[in-house]
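Peer 1: Just input.json, nothing more (JSON, C-alpha atoms):
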[["chain", "number", "residue", "atom", "x", "y", "z"],
["A", 1, "MET", "CA", 5.67, 22.31, 4.16],
["A", 2, "THR", "CA", 7.46, 20.24, 1.51],
["A", 3, "SER", "CA", 6.48, 21.23, -2.02],
["A", 4, "GLU", "CA", 6.33, 19.18, -5.21],
["A", 5, "LYS", "CA", 9.74, 20.41, -6.29],
["A", 6, "ASN", "CA", 11.23, 18.25, -3.52],
["A", 7, "ILE", "CA", 9.96, 14.95, -4.95],
["A", 8, "ILE", "CA", 12.73, 12.54, -6.00],
["A", 9, "LEU", "CA", 12.03, 9.37, -8.00],
["A", 10, "VAL", "CA", 14.15, 6.54, -6.56],
["A", 11, "THR", "CA", 14.43, 3.56, -8.89],
["A", 12, "GLY", "CA", 15.36, 0.43, -6.95],
["A", 13, "GLY", "CA", 14.37, 2.15, -3.72],
["A", 14, "ALA", "CA", 13.26, -1.12, -2.11],
["A", 15, "GLY", "CA", 16.81, -2.48, -2.14],
["A", 16, "TYR", "CA", 19.63, -2.13, 0.36],
["A", 17, "ILE", "CA", 21.24, 1.10, -0.81],
["A", 18, "GLY", "CA", 18.04, 2.58, -2.23],
["A", 19, "SER", "CA", 16.08, 2.19, 1.01],
["A", 20, "ASN", "CA", 18.85, 3.74, 3.09],
["A", 21, "VAL", "CA", 19.07, 6.66, 0.66],
["A", 22, "CYS", "CA", 15.28, 7.08, 0.86],
["A", 23, "LYS", "CA", 15.63, 7.52, 4.62],
["A", 24, "ALA", "CA", 18.36, 10.13, 4.12],
["A", 25, "LEU", "CA", 16.23, 11.94, 1.54],
["A", 26, "ALA", "CA", 13.28, 12.10, 3.93],
["A", 27, "GLU", "CA", 15.50, 13.37, 6.73],
["A", 28, "ASN", "CA", 16.71, 16.14, 4.43],
["A", 29, "GLY", "CA", 13.25, 17.40, 3.47],
["A", 30, "TYR", "CA", 12.67, 15.46, 0.24],
["A", 31, "ILE", "CA", 9.84, 13.09, -0.66],
["A", 32, "PRO", "CA", 11.33, 9.88, -2.11],
["A", 33, "VAL", "CA", 9.04, 7.95, -4.44],
["A", 34, "THR", "CA", 10.25, 4.36, -4.68],
["A", 35, "TYR", "CA", 9.86, 2.66, -8.06],
["A", 36, "ASP", "CA", 10.91, -0.99, -7.85],
["A", 37, "ASN", "CA", 9.98, -4.27, -9.52],
["A", 38, "LEU", "CA", 10.85, -6.19, -6.31],
["A", 39, "CYS", "CA", 12.96, -8.73, -8.16],
["A", 40, "SER", "CA", 15.53, -8.46, -5.37],
["A", 41, "GLY", "CA", 14.29, -5.72, -3.04],
["A", 42, "ASN", "CA", 11.62, -5.86, -0.33],
["A", 43, "LYS", "CA", 8.48, -3.78, -0.09],
["A", 44, "SER", "CA", 8.91, -3.83, 3.70],
["A", 45, "ALA", "CA", 12.04, -1.70, 3.23],
["A", 46, "VAL", "CA", 9.98, 1.18, 1.79],
["A", 47, "ASN", "CA", 9.22, 3.32, 4.84],
["A", 48, "TRP", "CA", 9.93, 6.84, 3.65],
["A", 49, "GLY", "CA", 7.54, 8.03, 0.95],
["A", 50, "PRO", "CA", 5.23, 6.35, -1.56],
["A", 51, "PHE", "CA", 5.88, 2.98, -3.24],
["A", 52, "GLU", "CA", 5.06, 2.21, -6.86],
["A", 53, "GLN", "CA", 5.77, -1.24, -8.25],
["A", 54, "GLY", "CA", 7.17, -1.30, -11.76],
["A", 55, "ASP", "CA", 10.11, -2.13, -13.98],
["A", 56, "ILE", "CA", 12.33, 0.55, -15.52],
["A", 57, "ARG", "CA", 12.02, -1.30, -18.85],
["A", 58, "ASP", "CA", 8.24, -0.80, -18.75],
["A", 59, "ARG", "CA", 8.22, 2.64, -20.28],
["A", 60, "GLU", "CA", 4.44, 3.03, -20.19],
["A", 61, "ARG", "CA", 4.34, 2.33, -16.45],
["A", 62, "LEU", "CA", 7.39, 4.49, -15.80],
["A", 63, "ARG", "CA", 5.88, 7.34, -17.80],
["A", 64, "ALA", "CA", 2.66, 7.13, -15.78],
["A", 65, "ILE", "CA", 4.55, 7.32, -12.47],
["A", 66, "ILE", "CA", 6.60, 10.30, -13.63],
["A", 67, "LYS", "CA", 3.42, 12.04, -14.76],
["A", 68, "LYS", "CA", 1.72, 11.26, -11.43],
["A", 69, "TYR", "CA", 4.48, 12.57, -9.14],
["A", 70, "LYS", "CA", 6.37, 15.06, -11.36],
["A", 71, "PRO", "CA", 9.76, 14.45, -9.69],
["A", 72, "GLU", "CA", 12.45, 17.09, -9.98],
["A", 73, "ALA", "CA", 15.26, 14.54, -10.03],
["A", 74, "VAL", "CA", 15.94, 10.82, -10.24],
["A", 75, "MET", "CA", 18.16, 8.61, -8.11],
["A", 76, "HIS", "CA", 18.88, 5.43, -10.05],
["A", 77, "PHE", "CA", 19.61, 2.19, -8.15],
["A", 78, "ALA", "CA", 17.61, -0.29, -10.24],
["A", 79, "ALA", "CA", 20.30, -2.69, -11.41],
["A", 80, "LEU", "CA", 21.41, -6.30, -11.08],
["A", 81, "ILE", "CA", 24.68, -6.44, -9.13],
["A", 82, "GLN", "CA", 26.03, -9.99, -8.76],
["A", 83, "VAL", "CA", 29.42, -10.33, -10.43],
["A", 84, "GLY", "CA", 29.38, -14.13, -10.64],
["A", 85, "GLN", "CA", 25.86, -14.23, -12.05],
["A", 86, "SER", "CA", 26.81, -11.65, -14.67],
["A", 87, "VAL", "CA", 29.57, -13.94, -15.95],
["A", 88, "ILE", "CA", 27.19, -16.91, -16.17],
["A", 89, "ASP", "CA", 24.25, -15.00, -17.66],
["A", 90, "PRO", "CA", 25.39, -11.65, -19.11],
["A", 91, "ALA", "CA", 22.23, -11.16, -21.18],
["A", 92, "ILE", "CA", 20.07, -10.25, -18.19],
["A", 93, "TYR", "CA", 22.66, -7.70, -17.06],
["A", 94, "TYR", "CA", 22.73, -5.91, -20.40],
["A", 95, "HIS", "CA", 18.96, -6.01, -20.68],
["A", 96, "ASN", "CA", 18.22, -4.75, -17.17],
["A", 97, "ASN", "CA", 21.17, -2.46, -16.47],
["A", 98, "VAL", "CA", 21.84, -1.03, -19.93],
["A", 99, "TYR", "CA", 18.51, -1.17, -21.75],
["A", 100, "GLY", "CA", 16.66, -0.35, -18.53],
["A", 101, "SER", "CA", 18.81, 2.73, -17.96],
["A", 102, "LEU", "CA", 18.21, 3.81, -21.55],
["A", 103, "CYS", "CA", 14.45, 3.56, -20.98],
["A", 104, "LEU", "CA", 14.80, 5.65, -17.82],
["A", 105, "LEU", "CA", 16.88, 8.31, -19.55],
["A", 106, "GLU", "CA", 14.39, 8.52, -22.40],
["A", 107, "GLU", "CA", 11.43, 8.94, -20.06],
["A", 108, "MET", "CA", 13.36, 11.58, -18.13],
["A", 109, "ARG", "CA", 14.10, 13.41, -21.38],
["A", 110, "GLU", "CA", 10.49, 13.32, -22.52],
["A", 111, "ALA", "CA", 9.34, 14.62, -19.12],
["A", 112, "GLY", "CA", 11.99, 17.34, -18.98],
["A", 113, "ILE", "CA", 13.73, 15.93, -15.88],
["A", 114, "LYS", "CA", 17.30, 17.18, -15.99],
["A", 115, "HIS", "CA", 18.92, 15.78, -12.84],
["A", 116, "ILE", "CA", 20.05, 12.20, -12.11],
["A", 117, "VAL", "CA", 22.23, 10.63, -9.43],
["A", 118, "CYS", "CA", 23.37, 7.24, -10.68],
["A", 119, "SER", "CA", 24.63, 4.24, -8.75],
["A", 120, "SER", "CA", 27.87, 2.96, -10.26],
["A", 121, "THR", "CA", 30.65, 0.74, -9.01],
["A", 122, "ALA", "CA", 34.37, 0.18, -8.58],
["A", 123, "ALA", "CA", 33.89, -2.73, -11.01],
["A", 124, "VAL", "CA", 34.20, -0.23, -13.89],
["A", 125, "TYR", "CA", 37.95, -0.13, -13.19],
["A", 126, "GLY", "CA", 38.47, -3.88, -13.48],
["A", 127, "THR", "CA", 41.85, -4.98, -12.15],
["A", 128, "PRO", "CA", 43.46, -1.68, -11.15],
["A", 129, "LEU", "CA", 46.97, -0.73, -12.23],
["A", 130, "SER", "CA", 47.55, 0.88, -8.84],
["A", 131, "VAL", "CA", 45.74, 1.40, -5.54],
["A", 132, "PRO", "CA", 44.11, 3.45, -4.20],
["A", 133, "ILE", "CA", 42.17, 3.91, -7.44],
["A", 134, "PRO", "CA", 41.63, 7.47, -8.69],
["A", 135, "GLU", "CA", 38.70, 8.47, -10.90],
["A", 136, "ASP", "CA", 40.94, 8.91, -13.94],
["A", 137, "ALA", "CA", 42.23, 5.33, -13.76],
["A", 138, "PRO", "CA", 41.59, 3.26, -16.91],
["A", 139, "LYS", "CA", 38.05, 1.85, -17.15],
["A", 140, "LEU", "CA", 38.68, -1.81, -18.02],
["A", 141, "PRO", "CA", 35.91, -3.95, -16.51],
["A", 142, "ILE", "CA", 36.64, -7.66, -16.30],
["A", 143, "ASN", "CA", 33.05, -8.89, -15.94],
["A", 144, "PRO", "CA", 29.69, -8.13, -17.58],
["A", 145, "TYR", "CA", 28.40, -6.44, -14.43],
["A", 146, "GLY", "CA", 31.20, -3.88, -14.59],
["A", 147, "GLN", "CA", 30.74, -3.52, -18.34],
["A", 148, "SER", "CA", 27.03, -2.83, -17.91],
["A", 149, "LYS", "CA", 27.71, -0.14, -15.30],
["A", 150, "LEU", "CA", 30.34, 1.52, -17.50],
["A", 151, "MET", "CA", 27.82, 1.56, -20.36],
["A", 152, "MET", "CA", 25.34, 3.24, -18.01],
["A", 153, "GLU", "CA", 27.94, 5.88, -17.16],
["A", 154, "ASN", "CA", 28.73, 6.49, -20.82],
["A", 155, "MET", "CA", 25.06, 6.82, -21.76],
["A", 156, "ILE", "CA", 24.46, 9.37, -19.03],
["A", 157, "SER", "CA", 27.50, 11.37, -20.13],
["A", 158, "ASP", "CA", 26.31, 11.31, -23.75],
["A", 159, "TYR", "CA", 22.82, 12.42, -22.70],
["A", 160, "SER", "CA", 24.39, 15.29, -20.80],
["A", 161, "ASN", "CA", 26.39, 16.39, -23.83],
["A", 162, "ALA", "CA", 23.44, 16.12, -26.21],
["A", 163, "TYR", "CA", 20.39, 16.95, -24.09],
["A", 164, "GLY", "CA", 21.69, 18.88, -21.08],
["A", 165, "THR", "CA", 21.13, 16.18, -18.45],
["A", 166, "GLN", "CA", 22.97, 17.04, -15.24],
["A", 167, "TYR", "CA", 24.37, 14.02, -13.45],
["A", 168, "ALA", "CA", 26.32, 12.68, -10.52],
["A", 169, "VAL", "CA", 27.79, 9.21, -10.95],
["A", 170, "LEU", "CA", 28.88, 7.64, -7.66],
["A", 171, "ARG", "CA", 31.26, 4.71, -7.95],
["A", 172, "TYR", "CA", 30.78, 2.69, -4.78],
["A", 173, "PHE", "CA", 33.27, 0.31, -3.42],
["A", 174, "ASN", "CA", 31.73, -2.15, -0.91],
["A", 175, "ALA", "CA", 28.58, -0.80, 0.73],
["A", 176, "ALA", "CA", 28.23, -2.40, 4.15],
["A", 177, "GLY", "CA", 26.67, -2.11, 7.60],
["A", 178, "ALA", "CA", 23.24, -0.84, 8.56],
["A", 179, "ASP", "CA", 21.55, 2.34, 9.69],
["A", 180, "THR", "CA", 22.77, 3.19, 13.20],
["A", 181, "GLU", "CA", 19.14, 3.47, 14.36],
["A", 182, "THR", "CA", 18.43, -0.02, 12.92],
["A", 183, "GLU", "CA", 15.64, 1.39, 10.74],
["A", 184, "ALA", "CA", 17.23, 0.33, 7.44],
["A", 185, "GLY", "CA", 19.72, -2.35, 6.51],
["A", 186, "SER", "CA", 20.32, -5.11, 4.02],
["A", 187, "ALA", "CA", 17.03, -5.33, 2.14],
["A", 188, "TYR", "CA", 17.78, -8.03, -0.41],
["A", 189, "LYS", "CA", 15.64, -11.15, -0.49],
["A", 190, "THR", "CA", 18.85, -13.16, -0.92],
["A", 191, "ASP", "CA", 22.08, -11.76, 0.49],
["A", 192, "THR", "CA", 25.19, -12.10, -1.67],
["A", 193, "HIS", "CA", 27.65, -9.79, 0.12],
["A", 194, "ILE", "CA", 30.05, -11.06, 2.74],
["A", 195, "ILE", "CA", 29.01, -9.05, 5.81],
["A", 196, "PRO", "CA", 25.25, -9.80, 5.72],
["A", 197, "LEU", "CA", 26.10, -13.42, 4.89],
["A", 198, "LEU", "CA", 28.38, -13.56, 7.93],
["A", 199, "MET", "CA", 25.56, -12.18, 10.05],
["A", 200, "ARG", "CA", 23.29, -14.97, 8.80],
["A", 201, "VAL", "CA", 25.89, -17.59, 9.67],
["A", 202, "ALA", "CA", 26.33, -16.08, 13.13],
["A", 203, "SER", "CA", 22.55, -16.23, 13.58],
["A", 204, "GLY", "CA", 22.41, -19.90, 12.62],
["A", 205, "LEU", "CA", 20.50, -19.16, 9.42],
["A", 206, "LEU", "CA", 23.33, -20.44, 7.23],
["A", 207, "PRO", "CA", 25.76, -23.25, 8.03],
["A", 208, "GLU", "CA", 28.95, -21.55, 6.83],
["A", 209, "ILE", "CA", 30.53, -18.69, 4.94],
["A", 210, "LYS", "CA", 32.28, -19.41, 1.67],
["A", 211, "LEU", "CA", 35.79, -18.01, 1.36],
["A", 212, "PHE", "CA", 36.46, -17.53, -2.34],
["A", 213, "GLY", "CA", 40.20, -17.75, -2.90],
["A", 214, "GLU", "CA", 43.23, -17.80, -0.62],
["A", 215, "ASP", "CA", 45.85, -17.37, -3.33],
["A", 216, "TYR", "CA", 45.51, -13.68, -4.16],
["A", 217, "ASP", "CA", 48.61, -11.50, -4.16],
["A", 218, "THR", "CA", 47.67, -9.92, -0.81],
["A", 219, "GLU", "CA", 49.10, -10.10, 2.69],
["A", 220, "ASP", "CA", 46.93, -13.03, 3.81],
["A", 221, "GLY", "CA", 45.99, -14.38, 0.38],
["A", 222, "THR", "CA", 42.35, -13.28, 0.52],
["A", 223, "ALA", "CA", 40.79, -10.49, -1.52],
["A", 224, "VAL", "CA", 40.98, -6.94, -0.13],
["A", 225, "ARG", "CA", 38.07, -4.54, -0.38],
["A", 226, "ASP", "CA", 37.18, -1.00, 0.69],
["A", 227, "TYR", "CA", 34.07, -1.15, 2.90],
["A", 228, "ILE", "CA", 31.93, 1.99, 3.11],
["A", 229, "HIS", "CA", 29.22, 2.30, 5.74],
["A", 230, "ILE", "CA", 25.76, 2.59, 4.23],
["A", 231, "THR", "CA", 24.93, 5.75, 6.21],
["A", 232, "ASP", "CA", 28.04, 7.49, 4.88],
["A", 233, "LEU", "CA", 27.14, 6.30, 1.39],
["A", 234, "ALA", "CA", 23.60, 7.65, 1.71],
["A", 235, "GLN", "CA", 24.92, 11.03, 2.86],
["A", 236, "ALA", "CA", 27.13, 11.18, -0.25],
["A", 237, "HIS", "CA", 23.99, 10.84, -2.38],
["A", 238, "ILE", "CA", 22.32, 13.79, -0.68],
["A", 239, "LEU", "CA", 25.40, 15.95, -1.20],
["A", 240, "ALA", "CA", 25.70, 14.87, -4.83],
["A", 241, "LEU", "CA", 22.03, 15.61, -5.50],
["A", 242, "GLU", "CA", 22.29, 19.07, -3.99],
["A", 243, "HIS", "CA", 25.50, 19.71, -5.96],
["A", 244, "ILE", "CA", 23.94, 19.07, -9.36],
["A", 245, "MET", "CA", 20.61, 20.71, -8.50],
["A", 246, "ALA", "CA", 22.56, 23.85, -7.58],
["A", 247, "GLY", "CA", 24.09, 23.81, -11.06],
["A", 248, "LYS", "CA", 27.63, 23.17, -9.84],
["A", 249, "GLY", "CA", 28.52, 20.72, -12.62],
["A", 250, "ASN", "CA", 28.50, 17.04, -13.38],
["A", 251, "LEU", "CA", 30.29, 14.54, -11.16],
["A", 252, "ALA", "CA", 31.81, 11.07, -11.45],
["A", 253, "VAL", "CA", 33.42, 10.26, -8.11],
["A", 254, "ASN", "CA", 34.52, 7.33, -5.99],
["A", 255, "ILE", "CA", 32.77, 6.69, -2.69],
["A", 256, "GLY", "CA", 34.90, 4.62, -0.33],
["A", 257, "ASN", "CA", 36.92, 4.81, 2.87],
["A", 258, "SER", "CA", 40.32, 4.62, 1.15],
["A", 259, "THR", "CA", 41.17, 1.76, 3.54],
["A", 260, "GLY", "CA", 41.22, -1.91, 2.62],
["A", 261, "TYR", "CA", 40.29, -4.96, 4.68],
["A", 262, "SER", "CA", 40.84, -8.54, 3.60],
["A", 263, "VAL", "CA", 38.09, -11.13, 3.59],
["A", 264, "ALA", "CA", 39.94, -12.94, 6.38],
["A", 265, "GLN", "CA", 39.98, -9.75, 8.47],
["A", 266, "VAL", "CA", 36.24, -9.26, 7.95],
["A", 267, "ILE", "CA", 35.56, -12.84, 9.04],
["A", 268, "GLU", "CA", 37.64, -12.35, 12.20],
["A", 269, "ALA", "CA", 35.83, -9.08, 12.98],
["A", 270, "ALA", "CA", 32.49, -10.86, 12.59],
["A", 271, "LYS", "CA", 33.55, -13.63, 14.97],
["A", 272, "ARG", "CA", 34.76, -11.11, 17.55],
["A", 273, "ILE", "CA", 31.74, -8.81, 17.45],
["A", 274, "THR", "CA", 29.05, -11.49, 17.33],
["A", 275, "GLY", "CA", 30.81, -13.80, 19.76],
["A", 276, "LYS", "CA", 29.94, -16.70, 17.47],
["A", 277, "ASP", "CA", 32.09, -19.42, 15.97],
["A", 278, "ILE", "CA", 31.63, -18.92, 12.24],
["A", 279, "ALA", "CA", 32.34, -21.93, 10.03],
["A", 280, "VAL", "CA", 34.35, -21.15, 6.90],
["A", 281, "ALA", "CA", 34.23, -23.22, 3.71],
["A", 282, "LYS", "CA", 37.24, -22.63, 1.50],
["A", 283, "SER", "CA", 36.36, -22.32, -2.17],
["A", 284, "PRO", "CA", 38.20, -21.42, -5.39],
["A", 285, "ARG", "CA", 38.29, -17.84, -6.63],
["A", 286, "ARG", "CA", 35.19, -16.53, -8.37],
["A", 287, "ALA", "CA", 35.52, -15.46, -11.98],
["A", 288, "GLY", "CA", 35.85, -11.72, -12.36],
["A", 289, "ASP", "CA", 37.08, -10.87, -8.84],
["A", 290, "PRO", "CA", 40.14, -8.55, -8.66],
["A", 291, "ALA", "CA", 42.60, -9.04, -5.78],
["A", 292, "VAL", "CA", 42.46, -5.50, -4.36],
["A", 293, "LEU", "CA", 39.95, -2.65, -4.72],
["A", 294, "ILE", "CA", 40.57, 0.47, -2.61],
["A", 295, "ALA", "CA", 39.16, 3.89, -3.40],
["A", 296, "ASP", "CA", 40.86, 7.21, -3.72],
["A", 297, "SER", "CA", 37.91, 9.29, -2.48],
["A", 298, "ALA", "CA", 39.66, 12.67, -2.41],
["A", 299, "CYS", "CA", 37.40, 14.12, -5.11],
["A", 300, "ALA", "CA", 34.18, 13.38, -3.19],
["A", 301, "LYS", "CA", 35.70, 14.82, -0.04],
["A", 302, "ASN", "CA", 36.98, 17.96, -1.76],
["A", 303, "ILE", "CA", 34.09, 18.69, -4.14],
["A", 304, "LEU", "CA", 31.17, 17.62, -1.94],
["A", 305, "ASN", "CA", 32.74, 18.21, 1.46],
["A", 306, "TRP", "CA", 31.83, 14.61, 2.21],
["A", 307, "LYS", "CA", 33.29, 13.14, 5.39],
["A", 308, "PRO", "CA", 32.70, 9.48, 6.32],
["A", 309, "ALA", "CA", 31.62, 9.21, 9.94],
["A", 310, "TYR", "CA", 31.44, 5.42, 10.37],
["A", 311, "SER", "CA", 34.58, 4.28, 8.61],
["A", 312, "ASP", "CA", 36.05, 1.61, 10.92],
["A", 313, "LEU", "CA", 35.38, -2.06, 10.26],
["A", 314, "ASP", "CA", 34.09, -2.82, 13.77],
["A", 315, "THR", "CA", 31.38, -0.13, 13.51],
["A", 316, "ILE", "CA", 30.31, -1.46, 10.13],
["A", 317, "VAL", "CA", 30.07, -5.06, 11.39],
["A", 318, "GLU", "CA", 28.43, -4.06, 14.69],
["A", 319, "THR", "CA", 25.62, -2.15, 12.94],
["A", 320, "ALA", "CA", 25.11, -5.06, 10.54],
["A", 321, "TRP", "CA", 24.87, -7.44, 13.52],
["A", 322, "LYS", "CA", 22.30, -5.26, 15.30],
["A", 323, "TRP", "CA", 20.24, -5.14, 12.10],
["A", 324, "ARG", "CA", 20.41, -8.92, 11.69],
["A", 325, "GLN", "CA", 19.33, -9.44, 15.29],
["A", 326, "LYS", "CA", 16.36, -7.15, 14.73],
["A", 327, "GLN", "CA", 15.36, -9.13, 11.64],
["A", 328, "ASN", "CA", 15.69, -12.38, 13.54],
["A", 329, "LYS", "CA", 13.13, -11.15, 16.09],
["A", 330, "ALA", "CA", 10.67, -9.90, 13.47]]
For the structure just supplied, provide its representation as structure tokens.

Peer 2:
Amino acid sequence: MTSEKNIILVTGGAGYIGSNVCKALAENGYIPVTYDNLCSGNKSAVNWGPFEQGDIRDRERLRAIIKKYKPEAVMHFAALIQVGQSVIDPAIYYHNNVYGSLCLLEEMREAGIKHIVCSSTAAVYGTPLSVPIPEDAPKLPINPYGQSKLMMENMISDYSNAYGTQYAVLRYFNAAGADTETEAGSAYKTDTHIIPLLMRVASGLLPEIKLFGEDYDTEDGTAVRDYIHITDLAQAHILALEHIMAGKGNLAVNIGNSTGYSVAQVIEAAKRITGKDIAVAKSPRRAGDPAVLIADSACAKNILNWKPAYSDLDTIVETAWKWRQKQNKA
């Protein structure tokens, strides 16, 4: 029988990545407690463990939930993530992502919780000097979203040095796809990432996909990204949690496939797998978008013995399509 020591507080657990990680936690004998303000997540995505509505900036509410469940560790996904929005309105990103994380760290410290797995991003690197990007590459974010995530990383590191917090920071590249059993998938109220948007266009829910920029210094002129299947990403969180809880040291590692696909390639894969004619609207580049982001994930593979199992683009798109079809029938 699972004991209290297996309870994990999952901030932002009603979102896309958080809900998939909650499933992985439950499958590995943990009890995930989702704490989410539902500003972008969905309560319907919380199917593995209790749900508590609240904001990480509401320290009184957060303190009450920690006291109620007494979690041994925290997985932190509660953050705003839209690059373009962060350029237009940086204030909300610093308030939610930075101040909110500070509130969480303080409540963890007061409660004596020493372990945290934190969701970070390739955006901390900005425009990379070389690809694939290693963990020791310069951290030079080019948008407020990336800046806010780097500040989160730095705070957690400082808390570790001063207060003994043990952490794993996972820098995702592009999380994509859906649970292979179609039990968890994109859980945002409004999709902003290319693959779920393509699935909506293929379903007739959107008229077209916007292609932001065809003048990048890449083979076909469109931006290149490293797409990591959500199930592989969730498994990396379990391994990272067990690593720090076993006292094996702090981590800050990339989580990606170390393979890049262009936006044009993703669009073609979506057309092929869905069998639909997807309309494309060509648009200028978005502010703050680098041309190429590809991970060097050797550290995660070597330290955590992490091995992506669903790394090819067709598998990623196919699982996303199955998830979209299930949502269409709901």

Peer 1: Could you work out how far CA of Asp215 (chain A) lies from CA of Ser283 (chain A), giving the answer in Å with one decimal?

Peer 2: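 Those two atoms sit 10.8 Å apart.
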
Peer 1: Considering only C-alpha atoms, can you say which of A:Arg225, A:Lys329, A:Lys23, A:His95 comes closest to Ile133 (chain A)?

Peer 2: A:Arg225

Peer 1: Would you mind telling me which residue in A:Ile267, A:Ala162, A:Met245, A:Ile7 lies nearest to Ala26 (chain A) when using only C-alpha atoms?

Peer 2: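 Looking at the shortest contact to Ala26 (chain A), the residue is A:Ile7.
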
Peer 1: Measure the distance from CA of Ala202 (chain A) to CA of Gly84 (chain A) in Å and round it to one decimal.

Peer 2: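 Atom-to-atom, CA of Ala202 (chain A) and CA of Gly84 (chain A) are spaced 24.0 Å apart.
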
Peer 1: What does the distance from CA of Asn20 (chain A) to CA of Asn37 (chain A) come to in Å, to one decimal?

Peer 2: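 CA of Asn37 (chain A) lies 17.4 Å from CA of Asn20 (chain A).
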
Peer 1: Taking all atoms listed in the file into account, name the residue in A:Leu241, A:Ile56, A:Met155, A:Val201 that is nearest to Met75 (chain A).

Peer 2: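 Under the stated criterion, the closest residue is A:Leu241.
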
Peer 1: Kindly extract all protein, DNA and RNA residues lying within 12 Å of the coordinates (33.8, -13.0, 13.9) given in the file, considering all atoms listed in the file, and supply them as an mmCIF file with C-alpha atoms, keeping the file's coordinate frame.

Peer 2:
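Written file, out-v8.cif:
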data_model
loop_
_atom_site.group_PDB
_atom_site.id
_atom_site.type_symbol
_atom_site.label_atom_id
_atom_site.label_comp_id
_atom_site.auth_asym_id
_atom_site.auth_seq_id
_atom_site.Cartn_x
_atom_site.Cartn_y
_atom_site.Cartn_z
ATOM 1 C CA ILE A 194 30.050 -11.060 2.740
ATOM 2 C CA ILE A 195 29.010 -9.050 5.810
ATOM 3 C CA LEU A 197 26.100 -13.420 4.890
ATOM 4 C CA LEU A 198 28.380 -13.560 7.930
ATOM 5 C CA MET A 199 25.560 -12.180 10.050
ATOM 6 C CA ARG A 200 23.290 -14.970 8.800
ATOM 7 C CA VAL A 201 25.890 -17.590 9.670
ATOM 8 C CA ALA A 202 26.330 -16.080 13.130
ATOM 9 C CA SER A 203 22.550 -16.230 13.580
ATOM 10 C CA ILE A 209 30.530 -18.690 4.940
ATOM 11 C CA VAL A 263 38.090 -11.130 3.590
ATOM 12 C CA ALA A 264 39.940 -12.940 6.380
ATOM 13 C CA GLN A 265 39.980 -9.750 8.470
ATOM 14 C CA VAL A 266 36.240 -9.260 7.950
ATOM 15 C CA ILE A 267 35.560 -12.840 9.040
ATOM 16 C CA GLU A 268 37.640 -12.350 12.200
ATOM 17 C CA ALA A 269 35.830 -9.080 12.980
ATOM 18 C CA ALA A 270 32.490 -10.860 12.590
ATOM 19 C CA LYS A 271 33.550 -13.630 14.970
ATOM 20 C CA ARG A 272 34.760 -11.110 17.550
ATOM 21 C CA ILE A 273 31.740 -8.810 17.450
ATOM 22 C CA THR A 274 29.050 -11.490 17.330
ATOM 23 C CA GLY A 275 30.810 -13.800 19.760
ATOM 24 C CA LYS A 276 29.940 -16.700 17.470
ATOM 25 C CA ASP A 277 32.090 -19.420 15.970
ATOM 26 C CA ILE A 278 31.630 -18.920 12.240
ATOM 27 C CA ALA A 279 32.340 -21.930 10.030
ATOM 28 C CA VAL A 280 34.350 -21.150 6.900
ATOM 29 C CA LEU A 313 35.380 -2.060 10.260
ATOM 30 C CA ASP A 314 34.090 -2.820 13.770
ATOM 31 C CA VAL A 317 30.070 -5.060 11.390
ATOM 32 C CA GLU A 318 28.430 -4.060 14.690
ATOM 33 C CA TRP A 321 24.870 -7.440 13.520
#

Peer 1: So, counting all atoms listed in the file, which residue among A:Val21, A:Ser148, A:Ala300, A:Asp36 is closest to Glu183 (chain A)?

Peer 2: A:Val21

Peer 1: Would you kindly return, as a list of chain:residue names, each protein, DNA or RNA residue with an atom no farther than 7 Å from any atom of Gly177 (chain A), considering only C-alpha atoms and excluding same-chain residues fewer than 6 positions away?

Peer 2: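 Here the answer would be A:His229, A:Ile230, A:Ile316, A:Val317, A:Thr319, A:Ala320.
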
Peer 1: Where atoms are missing, can you supply N, CA and C atoms for region 212-219 of chain A and output the lot as a PDB file, keeping the file's coordinate frame?

Peer 2:
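Result file out_20.pdb:
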ATOM      1  N   PHE A 212      36.108 -17.330  -0.937  1.00  0.00           N
ATOM      2  CA  PHE A 212      36.460 -17.530  -2.340  1.00  0.00           C
ATOM      3  C   PHE A 212      37.897 -17.082  -2.612  1.00  0.00           C
ATOM      4  N   GLY A 213      38.816 -18.012  -2.521  1.00  0.00           N
ATOM      5  CA  GLY A 213      40.200 -17.750  -2.900  1.00  0.00           C
ATOM      6  C   GLY A 213      41.095 -17.376  -1.743  1.00  0.00           C
ATOM      7  N   GLU A 214      42.206 -18.107  -1.622  1.00  0.00           N
ATOM      8  CA  GLU A 214      43.230 -17.800  -0.620  1.00  0.00           C
ATOM      9  C   GLU A 214      44.598 -17.626  -1.276  1.00  0.00           C
ATOM     10  N   ASP A 215      44.586 -17.452  -2.589  1.00  0.00           N
ATOM     11  CA  ASP A 215      45.850 -17.370  -3.330  1.00  0.00           C
ATOM     12  C   ASP A 215      46.019 -16.039  -4.061  1.00  0.00           C
ATOM     13  N   TYR A 216      45.328 -15.008  -3.580  1.00  0.00           N
ATOM     14  CA  TYR A 216      45.510 -13.680  -4.160  1.00  0.00           C
ATOM     15  C   TYR A 216      46.859 -13.100  -3.721  1.00  0.00           C
ATOM     16  N   ASP A 217      47.357 -12.163  -4.492  1.00  0.00           N
ATOM     17  CA  ASP A 217      48.610 -11.500  -4.160  1.00  0.00           C
ATOM     18  C   ASP A 217      48.333 -10.395  -3.127  1.00  0.00           C
ATOM     19  N   THR A 218      47.957 -10.831  -1.926  1.00  0.00           N
ATOM     20  CA  THR A 218      47.670  -9.920  -0.810  1.00  0.00           C
ATOM     21  C   THR A 218      48.374 -10.474   0.431  1.00  0.00           C
ATOM     22  N   GLU A 219      48.343  -9.721   1.504  1.00  0.00           N
ATOM     23  CA  GLU A 219      49.100 -10.100   2.690  1.00  0.00           C
ATOM     24  C   GLU A 219      48.678 -11.455   3.257  1.00  0.00           C
TER      25      GLU A 219
END
